[in-house]
Amino acid sequence: MFKDFRPKGVCSKRMEITVEDGVVQSVKVTGGCSGNLQGISALVKGMKVEEAIARLDGIRCGFKPTSCPDQLAQALKEMV
């Protein structure tokens, strides 16, 4: 399953996510903090969707109510 997600309230502009059999296959993020987002994408690759959601959901960026990891969790929630 593929999702083209437009995050809200963060610096990143687009997340392209591929999930197969409940496992994250790839995440490509456009915009935002490149190094951090490449790291997050590499860390969640091969992770079960539920585990990624549990680890990323609710993370905040400074005083913002959300973050790029939180937005990734929201996208994954929409996929399950």
# chains A, B, ... in the order shown; residues from 1 in each chain; ligands from 1
$ residues_around --residues "segment 43-54 of chain A" --least-positions-apart "6" --cutoff "9 Å" --atoms "only C-alpha atoms" --output "PDB file with N, CA and C atoms, in the first residue's frame"
ATOM      1  N   VAL A  19       3.875   0.588   2.663  1.00  0.00           N
ATOM      2  CA  VAL A  19       3.697  -0.437   3.687  1.00  0.00           C
ATOM      3  C   VAL A  19       3.229  -1.711   2.999  1.00  0.00           C
ATOM      4  N   ASP A  21       2.188  -5.830   4.069  1.00  0.00           N
ATOM      5  CA  ASP A  21       1.957  -6.837   5.114  1.00  0.00           C
ATOM      6  C   ASP A  21       2.192  -6.281   6.514  1.00  0.00           C
ATOM      7  N   GLY A  22       1.778  -5.024   6.739  1.00  0.00           N
ATOM      8  CA  GLY A  22       1.887  -4.431   8.060  1.00  0.00           C
ATOM      9  C   GLY A  22       3.281  -3.972   8.451  1.00  0.00           C
ATOM     10  N   VAL A  23       4.197  -3.928   7.485  1.00  0.00           N
ATOM     11  CA  VAL A  23       5.585  -3.534   7.745  1.00  0.00           C
ATOM     12  C   VAL A  23       5.946  -2.344   6.856  1.00  0.00           C
ATOM     13  N   VAL A  24       6.586  -1.348   7.449  1.00  0.00           N
ATOM     14  CA  VAL A  24       7.019  -0.164   6.698  1.00  0.00           C
ATOM     15  C   VAL A  24       8.142  -0.581   5.751  1.00  0.00           C
ATOM     16  N   GLN A  25       7.945  -0.341   4.460  1.00  0.00           N
ATOM     17  CA  GLN A  25       8.958  -0.675   3.463  1.00  0.00           C
ATOM     18  C   GLN A  25       9.837   0.526   3.129  1.00  0.00           C
ATOM     19  N   SER A  26       9.218   1.715   3.070  1.00  0.00           N
ATOM     20  CA  SER A  26      10.004   2.913   2.765  1.00  0.00           C
ATOM     21  C   SER A  26       9.240   4.160   3.172  1.00  0.00           C
ATOM     22  N   VAL A  27      10.018   5.202   3.488  1.00  0.00           N
ATOM     23  CA  VAL A  27       9.473   6.524   3.779  1.00  0.00           C
ATOM     24  C   VAL A  27      10.397   7.526   3.117  1.00  0.00           C
ATOM     25  N   ASP A  70       5.618  12.717  14.513  1.00  0.00           N
ATOM     26  CA  ASP A  70       4.204  12.597  14.861  1.00  0.00           C
ATOM     27  C   ASP A  70       3.345  12.570  13.603  1.00  0.00           C
ATOM     28  N   LEU A  72       4.247  11.482  10.695  1.00  0.00           N
ATOM     29  CA  LEU A  72       4.442  10.160  10.102  1.00  0.00           C
ATOM     30  C   LEU A  72       3.536   9.145  10.802  1.00  0.00           C
ATOM     31  N   ALA A  73       3.449   9.232  12.124  1.00  0.00           N
ATOM     32  CA  ALA A  73       2.543   8.343  12.867  1.00  0.00           C
ATOM     33  C   ALA A  73       1.096   8.544  12.430  1.00  0.00           C
ATOM     34  N   GLN A  74       0.689   9.796  12.219  1.00  0.00           N
ATOM     35  CA  GLN A  74      -0.682  10.073  11.786  1.00  0.00           C
ATOM     36  C   GLN A  74      -0.947   9.462  10.409  1.00  0.00           C
ATOM     37  N   LEU A  76       0.594   6.853   9.122  1.00  0.00           N
ATOM     38  CA  LEU A  76       0.538   5.398   9.281  1.00  0.00           C
ATOM     39  C   LEU A  76      -0.804   4.973   9.876  1.00  0.00           C
ATOM     40  N   LYS A  77      -1.346   5.757  10.792  1.00  0.00           N
ATOM     41  CA  LYS A  77      -2.675   5.450  11.356  1.00  0.00           C
ATOM     42  C   LYS A  77      -3.730   5.431  10.258  1.00  0.00           C
ATOM     43  N   MET A  79      -3.269   4.559   7.302  1.00  0.00           N
ATOM     44  CA  MET A  79      -3.028   3.413   6.420  1.00  0.00           C
ATOM     45  C   MET A  79      -3.536   2.098   7.003  1.00  0.00           C
ATOM     46  N   VAL A  80      -3.741   2.046   8.334  1.00  0.00           N
ATOM     47  CA  VAL A  80      -4.184   0.782   8.940  1.00  0.00           C
ATOM     48  C   VAL A  80      -5.682   0.777   9.149  1.00  0.00           C
TER      49      VAL A  80
END
$ residues_around --residues "Lys28 of chain A" --least-positions-apart "3" --cutoff "9 Å" --atoms "only C-alpha atoms" --output "ChimeraX atom specification"
/A:14-17,37-38,41
$ select_by_dssp --residues "chain A" --states "strand (DSSP E)" --output "list in words"
Phe2, Lys3, Asp4, Phe5, Ser12, Lys13, Arg14, Met15, Glu16, Ile17, Thr18, Val19, Glu20, Val23, Val24, Gln25, Ser26, Val27, Lys28, Val29, Thr30 and Gly31 of chain A
$ write_last_selection --atoms "C-alpha atoms" --output "CSV table (one decimal), in the first residue's frame"
chain,number,residue,atom,x,y,z
A,2,PHE,CA,1.3,3.5,-0.9
A,3,LYS,CA,0.3,6.8,0.7
A,4,ASP,CA,1.2,10.3,-0.5
A,5,PHE,CA,0.7,12.3,2.7
A,12,SER,CA,8.2,18.9,5.8
A,13,LYS,CA,5.9,19.2,2.8
A,14,ARG,CA,5.3,15.6,1.7
A,15,MET,CA,5.7,12.0,2.9
A,16,GLU,CA,5.7,9.1,0.5
A,17,ILE,CA,5.1,5.9,2.5
A,18,THR,CA,5.0,2.3,1.4
A,19,VAL,CA,3.7,-0.4,3.7
A,20,GLU,CA,3.4,-4.1,2.8
A,23,VAL,CA,5.6,-3.5,7.7
A,24,VAL,CA,7.0,-0.2,6.7
A,25,GLN,CA,9.0,-0.7,3.5
A,26,SER,CA,10.0,2.9,2.8
A,27,VAL,CA,9.5,6.5,3.8
A,28,LYS,CA,10.6,9.4,1.6
A,29,VAL,CA,10.2,12.9,3.1
A,30,THR,CA,10.4,16.2,1.1
A,31,GLY,CA,11.3,19.3,3.1
